[in-house]
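Asks: Pasting input25.cif below, which is mmCIF, C-alpha atoms and all ligand atoms.
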```cif
data_model
#
loop_
_atom_site.label_atom_id
_atom_site.label_comp_id
_atom_site.auth_asym_id
_atom_site.auth_seq_id
_atom_site.Cartn_x
_atom_site.Cartn_y
_atom_site.Cartn_z
CA MET A 21 5.19 -1.24 30.78
CA LYS A 22 3.10 1.41 29.06
CA LEU A 23 5.71 1.81 26.33
CA LYS A 24 5.70 -1.95 25.78
CA ALA A 25 1.91 -1.89 25.25
CA PHE A 26 2.32 1.02 22.85
CA TYR A 27 4.96 -0.65 20.70
CA SER A 28 3.16 -4.01 20.72
CA ARG A 29 0.35 -2.36 18.70
CA PHE A 30 2.65 -2.09 15.70
CA SER A 31 3.53 -5.69 14.93
CA LEU A 32 2.86 -6.68 11.31
CA ASP A 33 0.81 -9.70 10.30
CA GLU A 34 3.39 -11.61 8.29
CA GLY A 35 1.07 -14.59 7.62
CA LEU A 36 0.49 -13.78 3.97
CA VAL A 37 4.19 -13.38 3.24
CA GLU A 38 5.09 -16.50 5.19
CA ARG A 39 2.47 -18.64 3.44
CA GLY A 40 3.50 -17.41 0.00
CA GLY A 41 7.24 -17.31 0.77
CA PHE A 42 7.48 -13.92 -0.94
CA ASN A 43 7.09 -10.27 -0.06
CA PRO A 44 6.63 -8.24 -3.25
CA TYR A 45 7.01 -4.93 -1.45
CA TYR A 46 10.16 -2.95 -0.67
CA GLN A 47 12.30 -5.00 -3.06
CA ARG A 48 15.75 -3.46 -3.25
CA ILE A 49 16.48 -1.80 -6.61
CA ASP A 50 20.19 -1.58 -7.44
CA SER A 51 20.06 0.42 -10.68
CA GLY A 52 18.21 3.16 -12.54
CA LEU A 53 15.22 2.41 -14.77
CA GLU A 54 17.20 1.13 -17.75
CA ASN A 55 15.98 -1.41 -20.30
CA LYS A 56 16.81 -4.03 -17.65
CA ILE A 57 16.89 -3.08 -13.98
CA ARG A 58 18.73 -4.79 -11.15
CA VAL A 59 16.57 -6.00 -8.28
CA ASN A 60 18.34 -7.57 -5.31
CA GLY A 61 21.36 -7.94 -7.57
CA GLN A 62 19.40 -9.75 -10.35
CA GLU A 63 18.68 -8.40 -13.80
CA MET A 64 14.93 -8.02 -14.36
CA ILE A 65 12.32 -6.52 -16.69
CA ASP A 66 10.63 -3.49 -15.16
CA LEU A 67 6.89 -3.67 -15.71
CA ALA A 68 6.29 -2.02 -12.35
CA SER A 69 7.39 1.60 -12.46
CA ASN A 70 5.29 4.49 -13.80
CA ASN A 71 8.09 5.47 -16.16
CA TYR A 72 5.57 5.57 -19.03
CA LEU A 73 7.63 7.54 -21.53
CA GLY A 74 10.86 5.88 -20.39
CA LEU A 75 12.58 9.21 -19.75
CA ALA A 76 13.81 8.64 -16.18
CA THR A 77 17.29 7.71 -17.40
CA ASP A 78 17.27 9.64 -20.68
CA HIS A 79 20.70 11.24 -21.18
CA ARG A 80 19.23 14.71 -21.89
CA VAL A 81 17.21 14.66 -18.68
CA LYS A 82 20.21 13.50 -16.65
CA GLN A 83 22.34 16.20 -18.27
CA ALA A 84 19.83 18.94 -17.38
CA ALA A 85 19.69 17.69 -13.79
CA MET A 86 23.49 17.59 -13.52
CA GLU A 87 23.86 21.09 -14.92
CA ALA A 88 21.34 22.36 -12.38
CA VAL A 89 23.33 20.73 -9.58
CA GLN A 90 26.51 22.36 -10.93
CA LYS A 91 24.86 25.76 -10.97
CA TYR A 92 22.69 25.69 -7.83
CA GLY A 93 23.96 22.80 -5.69
CA VAL A 94 21.65 20.08 -4.45
CA SER A 95 19.10 22.10 -2.49
CA LEU A 96 17.99 25.64 -1.71
CA CYS A 97 17.21 24.47 1.83
CA GLY A 98 14.06 26.55 2.03
CA THR A 99 10.34 26.48 1.36
CA PRO A 100 9.09 28.12 -1.87
CA ILE A 101 7.81 31.13 0.06
CA ALA A 102 11.37 31.71 1.35
CA THR A 103 14.62 30.70 -0.36
CA GLY A 104 13.16 27.81 -2.36
CA TYR A 105 11.62 29.94 -5.12
CA LEU A 106 14.36 29.39 -7.66
CA ASP A 107 14.22 30.92 -11.15
CA LEU A 108 13.95 27.31 -12.36
CA TYR A 109 10.94 26.81 -10.12
CA GLN A 110 9.16 29.86 -11.51
CA ARG A 111 9.97 28.87 -15.10
CA LEU A 112 8.66 25.33 -14.55
CA GLN A 113 5.44 26.69 -13.01
CA ASN A 114 4.84 28.73 -16.15
CA LYS A 115 5.72 25.87 -18.48
CA LEU A 116 3.43 23.46 -16.64
CA SER A 117 0.57 25.98 -16.78
CA SER A 118 0.86 26.38 -20.52
CA PHE A 119 1.42 22.62 -20.99
CA VAL A 120 -1.94 21.76 -19.43
CA GLY A 121 -3.60 24.98 -20.69
CA LEU A 122 -4.49 26.51 -17.31
CA GLN A 123 -3.82 29.95 -15.86
CA GLU A 124 -1.51 29.30 -12.93
CA THR A 125 0.34 26.47 -11.16
CA ILE A 126 2.05 25.73 -7.87
CA ILE A 127 4.53 22.90 -7.44
CA LEU A 128 4.67 20.86 -4.23
CA PRO A 129 7.10 18.16 -3.12
CA SER A 130 4.66 15.43 -4.21
CA CYS A 131 1.17 15.01 -5.60
CA TYR A 132 0.28 13.15 -2.43
CA GLN A 133 1.04 16.38 -0.62
CA ALA A 134 -0.82 18.46 -3.24
CA ASN A 135 -3.98 16.37 -2.90
CA ASN A 136 -3.60 16.32 0.88
CA GLY A 137 -3.23 20.07 1.16
CA LEU A 138 -5.77 21.23 -1.39
CA PHE A 139 -9.12 20.30 0.13
CA SER A 140 -8.73 21.80 3.59
CA CYS A 141 -7.99 25.13 1.83
CA ILE A 142 -11.03 25.06 -0.46
CA ALA A 143 -13.72 23.19 1.49
CA GLY A 144 -15.20 23.12 4.98
CA PRO A 145 -18.22 21.88 6.94
CA GLN A 146 -20.74 23.79 4.75
CA ASP A 147 -19.53 22.02 1.60
CA LEU A 148 -20.04 18.64 -0.05
CA ILE A 149 -17.44 16.62 -1.94
CA VAL A 150 -18.74 13.90 -4.26
CA VAL A 151 -15.86 11.59 -5.08
CA ASP A 152 -15.32 8.52 -7.27
CA ARG A 153 -15.37 5.40 -5.10
CA LEU A 154 -11.96 4.26 -6.41
CA ALA A 155 -10.17 7.60 -5.88
CA HIS A 156 -6.55 7.53 -4.75
CA SER A 157 -5.62 7.54 -1.07
CA SER A 158 -4.12 11.04 -1.35
CA LEU A 159 -7.48 12.45 -2.50
CA ILE A 160 -9.44 10.60 0.16
CA GLN A 161 -7.10 11.65 2.98
CA GLY A 162 -7.13 15.25 1.75
CA ILE A 163 -10.93 15.30 1.48
CA LYS A 164 -11.34 13.83 4.98
CA SER A 165 -9.10 16.55 6.41
CA ALA A 166 -11.45 19.26 5.07
CA GLY A 167 -14.24 18.29 7.49
CA CYS A 168 -16.89 18.59 4.75
CA LYS A 169 -19.70 16.17 3.87
CA ILE A 170 -18.48 13.35 1.60
CA ARG A 171 -20.49 11.18 -0.82
CA PRO A 172 -18.80 8.53 -2.96
CA PHE A 173 -20.19 7.77 -6.41
CA LEU A 174 -19.87 4.45 -8.21
CA HIS A 175 -16.71 4.22 -10.28
CA ASN A 176 -17.03 6.29 -13.48
CA ASN A 177 -20.84 6.05 -13.20
CA LEU A 178 -22.41 9.24 -14.56
CA GLU A 179 -25.98 8.26 -13.69
CA HIS A 180 -25.11 7.65 -10.08
CA LEU A 181 -23.15 10.90 -9.95
CA GLU A 182 -26.03 12.86 -11.44
CA GLY A 183 -28.49 11.32 -8.95
CA ILE A 184 -26.29 12.52 -6.08
CA LEU A 185 -25.92 16.00 -7.59
CA GLN A 186 -29.71 16.29 -8.03
CA ARG A 187 -30.24 15.53 -4.34
CA SER A 188 -27.39 17.76 -3.10
CA THR A 189 -28.90 21.15 -2.42
CA GLY A 190 -28.23 23.64 0.34
CA TYR A 191 -24.44 23.40 0.39
CA ARG A 192 -22.17 26.43 0.05
CA GLN A 193 -20.25 24.59 -2.70
CA VAL A 194 -20.41 21.10 -4.17
CA PHE A 195 -17.20 19.61 -5.60
CA VAL A 196 -16.85 16.55 -7.82
CA VAL A 197 -13.48 14.84 -7.44
CA THR A 198 -12.08 12.16 -9.71
CA GLU A 199 -8.94 10.88 -11.43
CA SER A 200 -8.22 10.73 -15.13
CA VAL A 201 -6.60 7.28 -15.39
CA PHE A 202 -7.30 5.08 -12.38
CA SER A 203 -3.96 3.55 -11.68
CA THR A 204 -4.99 0.14 -10.36
CA GLU A 205 -7.51 -0.50 -13.18
CA GLY A 206 -6.32 1.53 -16.13
CA SER A 207 -9.90 2.82 -16.51
CA ILE A 208 -10.37 6.41 -17.73
CA ALA A 209 -12.94 8.84 -16.33
CA PRO A 210 -15.60 10.25 -18.69
CA PHE A 211 -14.32 13.61 -17.60
CA LYS A 212 -15.86 15.76 -20.30
CA GLU A 213 -19.30 14.51 -19.26
CA ILE A 214 -18.42 15.02 -15.58
CA VAL A 215 -17.51 18.64 -16.34
CA GLN A 216 -20.84 19.06 -18.17
CA LEU A 217 -22.72 17.65 -15.16
CA CYS A 218 -20.79 20.02 -12.90
CA ASP A 219 -21.86 22.93 -15.13
CA SER A 220 -25.50 21.86 -14.92
CA TYR A 221 -25.48 21.54 -11.13
CA ASN A 222 -23.11 24.39 -10.24
CA ALA A 223 -20.51 21.98 -8.91
CA LEU A 224 -16.76 22.47 -9.18
CA PRO A 225 -14.75 19.65 -10.83
CA VAL A 226 -11.39 18.58 -9.38
CA ILE A 227 -9.28 16.18 -11.45
CA ASP A 228 -6.12 14.28 -10.48
CA ASP A 229 -4.32 13.67 -13.79
CA SER A 230 -1.29 11.90 -12.31
CA HIS A 231 -1.47 8.99 -14.77
CA GLY A 232 -2.71 11.11 -17.68
CA ILE A 233 -0.20 13.96 -17.86
CA GLY A 234 2.47 13.17 -20.44
CA VAL A 235 0.45 10.18 -21.64
CA LEU A 236 -3.05 11.19 -22.80
CA GLY A 237 -3.96 13.63 -25.56
CA LYS A 238 -2.49 14.04 -29.00
CA SER A 239 0.50 15.97 -27.65
CA GLY A 240 0.67 14.40 -24.18
CA ARG A 241 -0.98 17.29 -22.34
CA GLY A 242 -3.26 14.97 -20.41
CA ILE A 243 -6.95 14.44 -19.83
CA LEU A 244 -8.12 17.94 -20.76
CA GLU A 245 -6.52 17.64 -24.20
CA GLU A 246 -7.60 13.99 -24.63
CA GLN A 247 -11.27 14.74 -23.99
CA GLY A 248 -11.37 18.22 -25.53
CA VAL A 249 -12.31 19.99 -22.30
CA GLU A 250 -12.10 23.68 -23.24
CA GLY A 251 -11.96 26.61 -20.82
CA PHE A 252 -11.71 24.37 -17.74
CA LEU A 253 -12.78 26.32 -14.66
CA GLY A 254 -12.07 23.60 -12.10
CA ILE A 255 -8.93 22.47 -10.28
CA TYR A 256 -6.27 20.20 -11.72
CA THR A 257 -3.59 18.22 -9.88
CA ALA A 258 -0.91 15.85 -11.19
CA SER A 259 2.25 14.04 -10.17
CA LEU A 260 5.59 14.93 -11.78
CA GLY A 261 6.91 11.50 -10.80
CA LYS A 262 5.26 9.31 -13.40
CA ALA A 263 5.39 10.10 -17.16
CA LEU A 264 7.23 13.32 -16.30
CA ALA A 265 9.90 11.05 -14.80
CA ASN A 266 11.01 13.23 -11.89
CA GLY A 267 9.13 13.94 -8.66
CA GLY A 268 6.77 16.50 -7.18
CA GLY A 269 3.13 17.46 -7.59
CA MET A 270 1.29 20.35 -9.21
CA ILE A 271 -1.97 22.15 -8.59
CA SER A 272 -3.25 24.28 -11.48
CA GLY A 273 -6.30 26.40 -12.08
CA LYS A 274 -7.53 29.95 -11.97
CA LYS A 275 -4.92 32.49 -10.95
CA GLY A 276 -6.85 33.92 -7.98
CA LEU A 277 -7.21 30.52 -6.33
CA ILE A 278 -3.61 29.43 -6.99
CA ASP A 279 -2.30 32.76 -5.64
CA TYR A 280 -4.34 32.12 -2.49
CA LEU A 281 -2.86 28.61 -2.13
CA LYS A 282 0.65 30.11 -2.42
CA TYR A 283 0.06 31.69 1.00
CA TYR A 284 -2.52 29.43 2.64
CA CYS A 285 -1.73 25.85 1.60
CA PRO A 286 0.43 24.65 4.53
CA HIS A 287 1.69 21.64 2.56
CA LEU A 288 3.35 24.11 0.17
CA VAL A 289 4.25 26.97 2.50
CA TYR A 290 5.90 24.86 5.20
CA SER A 291 7.73 22.24 3.12
CA THR A 292 11.17 22.46 1.50
CA ALA A 293 10.92 23.20 -2.22
CA LEU A 294 11.76 20.68 -4.93
CA THR A 295 15.47 20.45 -5.58
CA PRO A 296 17.17 22.08 -8.62
CA ALA A 297 17.91 18.71 -10.24
CA VAL A 298 14.24 17.72 -10.21
CA LEU A 299 13.05 21.10 -11.50
CA ALA A 300 15.52 21.04 -14.37
CA GLY A 301 14.85 17.36 -15.06
CA THR A 302 11.11 17.99 -15.36
CA GLU A 303 11.70 20.91 -17.70
CA ALA A 304 13.89 18.70 -19.89
CA VAL A 305 11.13 16.07 -20.03
CA LEU A 306 8.60 18.70 -21.14
CA ASN A 307 10.98 19.73 -23.93
CA ILE A 308 11.30 16.11 -25.09
CA ILE A 309 7.52 15.69 -25.02
CA HIS A 310 7.17 18.80 -27.19
CA SER A 311 9.42 17.37 -29.88
CA GLU A 312 9.04 13.58 -29.64
CA PHE A 313 5.69 12.72 -28.10
CA GLY A 314 4.20 11.11 -31.22
CA VAL A 315 7.05 8.61 -31.63
CA ILE A 316 7.27 7.76 -27.93
CA LYS A 317 3.52 7.33 -27.59
CA ARG A 318 3.36 4.94 -30.54
CA ARG A 319 5.97 2.73 -28.85
CA LEU A 320 4.07 2.87 -25.56
CA VAL A 321 0.82 1.81 -27.22
CA THR A 322 2.49 -0.98 -29.21
CA TYR A 323 4.09 -2.35 -26.03
CA GLN A 324 0.86 -2.19 -24.07
CA GLN A 325 -0.94 -4.12 -26.81
CA ALA A 326 1.81 -6.75 -26.99
CA ILE A 327 1.61 -7.33 -23.22
CA TYR A 328 -2.21 -7.36 -23.37
CA GLU A 329 -2.24 -9.97 -26.12
CA SER A 330 0.20 -12.20 -24.25
CA LEU A 331 -1.98 -11.99 -21.13
CA VAL A 332 -5.10 -12.92 -23.07
CA GLU A 333 -3.25 -15.78 -24.80
CA GLY A 334 -2.01 -16.92 -21.39
CA GLY A 335 -5.61 -17.06 -20.16
CA PHE A 336 -5.44 -14.17 -17.69
CA ALA A 337 -8.46 -11.99 -16.93
CA VAL A 338 -7.38 -8.45 -17.80
CA VAL A 339 -9.29 -5.22 -17.16
CA PRO A 340 -9.92 -3.64 -20.59
CA SER A 341 -8.07 -0.33 -20.79
CA SER A 342 -7.19 2.31 -23.32
CA ALA A 343 -4.46 3.63 -21.01
CA PRO A 344 -0.95 2.09 -21.19
CA ILE A 345 -1.74 -0.10 -18.19
CA ASN A 346 -2.50 -3.82 -18.11
CA SER A 347 -4.23 -4.79 -14.89
CA ILE A 348 -4.71 -8.51 -14.21
CA GLN A 349 -7.72 -9.48 -12.10
CA ALA A 350 -5.89 -11.71 -9.65
CA GLY A 351 -8.59 -12.24 -6.98
CA SER A 352 -7.68 -12.89 -3.35
CA LYS A 353 -4.64 -11.46 -1.58
CA GLU A 354 -2.99 -14.89 -1.71
CA ALA A 355 -3.63 -15.30 -5.45
CA THR A 356 -2.33 -11.79 -6.10
CA PHE A 357 0.91 -12.46 -4.23
CA ILE A 358 1.36 -15.85 -5.94
CA LEU A 359 1.04 -14.29 -9.38
CA ALA A 360 3.49 -11.50 -8.51
CA LYS A 361 5.88 -14.14 -7.19
CA LYS A 362 5.67 -16.24 -10.38
CA LEU A 363 6.41 -13.18 -12.47
CA TYR A 364 9.26 -12.20 -10.17
CA GLU A 365 10.81 -15.67 -10.32
CA GLN A 366 10.75 -15.51 -14.12
CA GLY A 367 12.38 -12.07 -14.16
CA ILE A 368 9.46 -9.63 -14.32
CA LEU A 369 8.89 -6.97 -11.69
CA SER A 370 5.16 -6.15 -11.38
CA THR A 371 2.99 -4.13 -9.00
CA PRO A 372 0.52 -6.20 -6.97
CA PHE A 373 -2.39 -4.35 -5.31
CA ILE A 374 -4.31 -5.86 -2.41
CA GLU A 375 -6.82 -4.27 -0.05
CA PRO A 376 -7.02 -1.49 1.09
CA SER A 377 -5.55 -0.27 -2.25
CA VAL A 378 -8.34 -2.19 -4.04
CA PRO A 379 -11.60 -3.73 -2.74
CA VAL A 380 -11.31 -7.05 -0.86
CA LYS A 381 -10.91 -10.08 -3.18
CA GLU A 382 -10.35 -7.76 -6.16
CA GLY A 383 -6.56 -8.01 -6.11
CA ARG A 384 -4.77 -6.69 -9.18
CA VAL A 385 -1.33 -7.24 -10.65
CA ARG A 386 -0.42 -4.23 -12.75
CA LEU A 387 1.99 -4.24 -15.67
CA ILE A 388 3.26 -1.03 -17.31
CA ALA A 389 5.76 -1.36 -20.16
CA GLY A 390 7.69 1.91 -20.45
CA ALA A 391 8.64 3.25 -23.87
CA ASN A 392 12.36 2.89 -23.01
CA LEU A 393 12.20 -0.92 -23.13
CA THR A 394 13.55 -2.53 -26.28
CA GLN A 395 11.43 -4.68 -28.57
CA ASP A 396 13.53 -7.68 -27.53
CA THR A 397 12.73 -7.05 -23.88
CA ILE A 398 9.02 -6.81 -24.68
CA ALA A 399 9.24 -10.07 -26.66
CA GLU A 400 10.98 -11.73 -23.72
CA ALA A 401 8.29 -10.43 -21.32
CA THR A 402 5.44 -11.69 -23.51
CA GLU A 403 6.99 -15.20 -23.71
CA ILE A 404 7.34 -15.29 -19.91
CA ILE A 405 3.72 -14.19 -19.43
CA LYS A 406 2.37 -16.76 -21.89
CA GLY A 407 4.49 -19.46 -20.22
CA ILE A 408 3.15 -18.65 -16.75
CA GLY A 409 -0.40 -18.57 -18.10
CA ARG A 410 -0.06 -21.99 -19.76
CA ARG A 411 1.25 -23.52 -16.53
C1 LIG A 501 -3.72 8.95 -8.83
C2 LIG A 501 -2.54 9.35 -7.99
N1 LIG A 501 -2.56 10.54 -7.36
C3 LIG A 501 -1.52 10.94 -6.62
C4 LIG A 501 -0.41 10.15 -6.46
C5 LIG A 501 0.72 10.63 -5.62
O1 LIG A 501 1.69 11.17 -6.44
P1 LIG A 501 3.18 11.44 -5.91
O2 LIG A 501 3.90 10.15 -6.09
O3 LIG A 501 3.69 12.56 -6.73
O4 LIG A 501 3.06 11.79 -4.46
C6 LIG A 501 -0.34 8.92 -7.09
C7 LIG A 501 0.86 8.06 -6.93
O5 LIG A 501 0.79 6.95 -6.53
C8 LIG A 501 -1.44 8.50 -7.88
O6 LIG A 501 -1.43 7.31 -8.50
#
```
Show me this structure written as structure tokens.
Ligand SMILES: Cc1ncc(COP(=O)(O)O)c(C=O)c1O
Replies:
Amino acid sequence: MKLKAFYSRFSLDEGLVERGGFNPYYQRIDSGLENKIRVNGQEMIDLASNNYLGLATDHRVKQAAMEAVQKYGVSLCGTPIATGYLDLYQRLQNKLSSFVGLQETIILPSCYQANNGLFSCIAGPQDLIVVDRLAHSSLIQGIKSAGCKIRPFLHNNLEHLEGILQRSTGYRQVFVVTESVFSTEGSIAPFKEIVQLCDSYNALPVIDDSHGIGVLGKSGRGILEEQGVEGFLGIYTASLGKALANGGGMISGKKGLIDYLKYYCPHLVYSTALTPAVLAGTEAVLNIIHSEFGVIKRRLVTYQQAIYESLVEGGFAVVPSSAPINSIQAGSKEATFILAKKLYEQGILSTPFIEPSVPVKEGRVRLIAGANLTQDTIAEATEIIKGIGRR
């Protein structure tokens, strides 16, 4: 009887899906992220993945991953502190540090895990974390686990942030936590100014650059390069599963702190290390960025603009963005699902966001056109979008 009561708590409300006749989530993908992908056996245009640079199926990246499997097998079956600390792992740590221009890096199985593990190591009840109101779930969950005081500031609002910092005295340490590119909106944090505010109020900045690394900056090194933040003394995290086209998460910063995390961050110490294929694949992506970033970025920007123009022509309300993200303001949960369904039926895979990922009634349908798509595919996508808009 008791077990029945327990399991009955977990039934899903399927009303939304039943009313709309469509569930946009957990669609089965039957191929890699090629120019066209197969979804439930159908060929579609991928405007959903975070494969910004289009390198997830690049032959050089696949080759590097396959060679690593040949040499090391598929796993080291150990945490980094034990047998997981492969030479590839150490090399990638060093390359990532110099890529973002920081002293030291650790690599975790995901950025969700990195953000989850970081805050309970660096903050406690005597500290305050001031965090952007739209910060990612991984940051919020990590911050909550630290047991510190938490104050949200209005999205990208420097005045509001400064007001909070002025009133925040008496804490052991104040942290300011934000993202570079906010993934549901495509908005970009005024991070240089945030760092300056942190300097003025003795606060420590923490930035999640998951959607900026490999995308922002003149050579793809992310938010610090893009905004000319020199000598960054804060903490930097990023996902290796978006523009870097593999998987995993990094935390970078001053050597003393990162060395401490190597022994005291449980999410790193007690979790099996990234596999050789992923380590080698990420290294191969960094090499490609070094030599080809300019060309790839130009394609990415051109595609984003083409999609943006088709949305505007189709009459959609789009959040203005200088990141390669087009986010349509879809409204209610129902309207968001309906728009994702229309796109799906016409052959476009999108990412719909409803609450709690975004505020209630501020549903978004996000479109990201990776640089691997062909111009013909982009032209096809823009015709579909304009057609849906006209109808
Ligand atoms: C801003 C942000 N931070 C962290 C993550 C988590 O990254 P990962 O997929 O590597 O766990 C994501 C991915 O959704 C993200 O968008």
Asks: Hey, which of A:Gln47, A:Ser352, A:Ser272, A:Gln90 ends up closest to Ala297 of chain A? Count all atoms listed in the file.
Replies: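 Of all the options, A:Gln90 lies closest to Ala297 of chain A.
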Asks: As a list of chain:residue names, please: the residues near Asp396 of chain A (cut-off 12 Å, all atoms listed in the file, same-chain neighbours under 6 positions excluded).
Replies: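 Neighbouring residues, sequence-local ones excluded: A:Asn55, A:Lys56, A:Ile65, A:Tyr323, A:Ala326, A:Thr402, A:Glu403.
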Asks: Report as JSON lines: every residue of chain A with an atom at most 7 Å from ligand LIG 501 (chain A), its closest pair of atoms, and their distance in Å to one decimal, counting all atoms listed in the file, with rows sorted by chain and ascending residue number.
Replies:
```
{"residue": "A:Ser130", "atom": "CA", "partner": "A:LIG501", "partner_atom": "O3", "distance": 3.9}
{"residue": "A:Cys131", "atom": "CA", "partner": "A:LIG501", "partner_atom": "O3", "distance": 3.7}
{"residue": "A:Tyr132", "atom": "CA", "partner": "A:LIG501", "partner_atom": "O4", "distance": 3.7}
{"residue": "A:Gln133", "atom": "CA", "partner": "A:LIG501", "partner_atom": "O4", "distance": 6.3}
{"residue": "A:His156", "atom": "CA", "partner": "A:LIG501", "partner_atom": "C1", "distance": 5.2}
{"residue": "A:Ser158", "atom": "CA", "partner": "A:LIG501", "partner_atom": "C3", "distance": 5.9}
{"residue": "A:Glu199", "atom": "CA", "partner": "A:LIG501", "partner_atom": "C1", "distance": 6.1}
{"residue": "A:Phe202", "atom": "CA", "partner": "A:LIG501", "partner_atom": "C1", "distance": 6.4}
{"residue": "A:Ser203", "atom": "CA", "partner": "A:LIG501", "partner_atom": "O6", "distance": 5.5}
{"residue": "A:Asp228", "atom": "CA", "partner": "A:LIG501", "partner_atom": "N1", "distance": 6.0}
{"residue": "A:Asp229", "atom": "CA", "partner": "A:LIG501", "partner_atom": "C1", "distance": 6.9}
{"residue": "A:Ser230", "atom": "CA", "partner": "A:LIG501", "partner_atom": "C1", "distance": 5.2}
{"residue": "A:His231", "atom": "CA", "partner": "A:LIG501", "partner_atom": "C1", "distance": 6.4}
{"residue": "A:Ala258", "atom": "CA", "partner": "A:LIG501", "partner_atom": "C3", "distance": 6.7}
{"residue": "A:Ser259", "atom": "CA", "partner": "A:LIG501", "partner_atom": "O3", "distance": 4.0}
{"residue": "A:Leu260", "atom": "CA", "partner": "A:LIG501", "partner_atom": "O3", "distance": 5.9}
{"residue": "A:Gly261", "atom": "CA", "partner": "A:LIG501", "partner_atom": "O3", "distance": 5.3}
{"residue": "A:Gly267", "atom": "CA", "partner": "A:LIG501", "partner_atom": "O3", "distance": 5.9}
{"residue": "A:Gly268", "atom": "CA", "partner": "A:LIG501", "partner_atom": "O3", "distance": 5.0}
{"residue": "A:Gly269", "atom": "CA", "partner": "A:LIG501", "partner_atom": "O3", "distance": 5.0}
```
Asks: Could you save the residues just selected, with C-alpha atoms, as a compact mmCIF listing (two decimals), keeping the file's coordinate frame?
Replies:
```
# COMPACT_ATOMS: atom_id res chain seq x y z
CA SER A 130 4.66 15.43 -4.21
CA CYS A 131 1.17 15.01 -5.60
CA TYR A 132 0.28 13.15 -2.43
CA GLN A 133 1.04 16.38 -0.62
CA HIS A 156 -6.55 7.53 -4.75
CA SER A 158 -4.12 11.04 -1.35
CA GLU A 199 -8.94 10.88 -11.43
CA PHE A 202 -7.30 5.08 -12.38
CA SER A 203 -3.96 3.55 -11.68
CA ASP A 228 -6.12 14.28 -10.48
CA ASP A 229 -4.32 13.67 -13.79
CA SER A 230 -1.29 11.90 -12.31
CA HIS A 231 -1.47 8.99 -14.77
CA ALA A 258 -0.91 15.85 -11.19
CA SER A 259 2.25 14.04 -10.17
CA LEU A 260 5.59 14.93 -11.78
CA GLY A 261 6.91 11.50 -10.80
CA GLY A 267 9.13 13.94 -8.66
CA GLY A 268 6.77 16.50 -7.18
CA GLY A 269 3.13 17.46 -7.59
```
Asks: Kindly compute an axis-aligned box around the listed atoms of segment 37-41 of chain A, allowing 6 Å on each side, and express its centre and edge lengths in Å to one decimal as lines of an AutoDock Vina configuration file.
Replies:
```
center_x = 4.9
center_y = -16.0
center_z = 2.6
size_x = 16.8
size_y = 17.3
size_z = 17.2
```
Asks: For Gly301 of chain A, work out the shell of residues within 12 Å, counting all atoms listed in the file and skipping chain neighbours fewer than 6 positions away, then give it as a PyMOL selection string.
Replies: chain A and resi 75-89+108-109+112+260-261+264-268+294-295+307-308
Asks: Extract, using all atoms listed in the file, all DNA, RNA and protein residues at most 9 Å from Ile142 of chain A, discarding same-chain residues fewer than 2 positions from it, and format them as a list of chain:residue names.
Replies: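 Listed by chain and then number, they are A:Leu138, A:Phe139, A:Ser140, A:Gly144, A:Ala166, A:Leu277.
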Asks: Please, what distance in Å, to one decimal, runs between atom CA of Ala360 of chain A and atom CA of Leu73 of chain A?
Replies: 23.4 Å
Asks: Between A:Val249, A:Leu116, A:Leu159, A:Ile345, single out the one closest to Gly137 of chain A, counting only C-alpha atoms.
Replies: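 Looking only at the distances to Gly137 of chain A, the closest residue turns out to be A:Leu159.
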Asks: Would you work out the distance separating atom CA of Ala343 of chain A from atom CA of Arg318 of chain A, expressed in Å to one decimal?
Replies: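 Atom CA of Arg318 of chain A lies 12.4 Å from atom CA of Ala343 of chain A.
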Asks: Would you mind telling me which residue in A:Ala209, A:Ala293, A:Val151, A:Leu224 lies nearest to Thr99 of chain A when using all atoms listed in the file?
Replies: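 Under the stated criterion, the closest residue is A:Ala293.
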Asks: Quick one: distance from atom CA of Ile233 of chain A to atom CA of Gly254 of chain A in Å, one decimal?
Replies: 16.3 Å
Asks: Counting only C-alpha atoms, which residue out of A:Gly251, A:Pro44, A:Pro340, A:Gly390 sits closest to Phe373 of chain A?
Replies: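 Closest residue, counting only C-alpha atoms: A:Pro44.
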Asks: So which one's closest to Leu236 of chain A, A:Ile368, A:Val378, A:Tyr72, A:Ala355? Using only C-alpha atoms, please.
Replies: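 Distance minimum relative to Leu236 of chain A lands on A:Tyr72.
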Asks: Applying 10 Å and only C-alpha atoms, which residues near Leu67 of chain A remain after dropping the ones on its own chain fewer than 6 positions away? List them as a short mmCIF file (atom, residue, chain, number, x, y, z; two decimals) with C-alpha atoms, keeping the file's coordinate frame.
Replies:
```cif
data_model
loop_
_atom_site.label_atom_id
_atom_site.label_comp_id
_atom_site.auth_asym_id
_atom_site.auth_seq_id
_atom_site.Cartn_x
_atom_site.Cartn_y
_atom_site.Cartn_z
CA ILE A 327 1.61 -7.33 -23.22
CA ILE A 345 -1.74 -0.10 -18.19
CA ASN A 346 -2.50 -3.82 -18.11
CA ILE A 368 9.46 -9.63 -14.32
CA LEU A 369 8.89 -6.97 -11.69
CA SER A 370 5.16 -6.15 -11.38
CA THR A 371 2.99 -4.13 -9.00
CA ARG A 386 -0.42 -4.23 -12.75
CA LEU A 387 1.99 -4.24 -15.67
CA ILE A 388 3.26 -1.03 -17.31
CA ALA A 389 5.76 -1.36 -20.16
CA GLY A 390 7.69 1.91 -20.45
CA LEU A 393 12.20 -0.92 -23.13
CA ILE A 398 9.02 -6.81 -24.68
CA ALA A 401 8.29 -10.43 -21.32
#
```
Asks: Between A:Lys317, A:Glu63, A:Leu106, A:Ser341, which one has atoms that come closest to Gly93 of chain A, using only C-alpha atoms?
Replies: A:Leu106
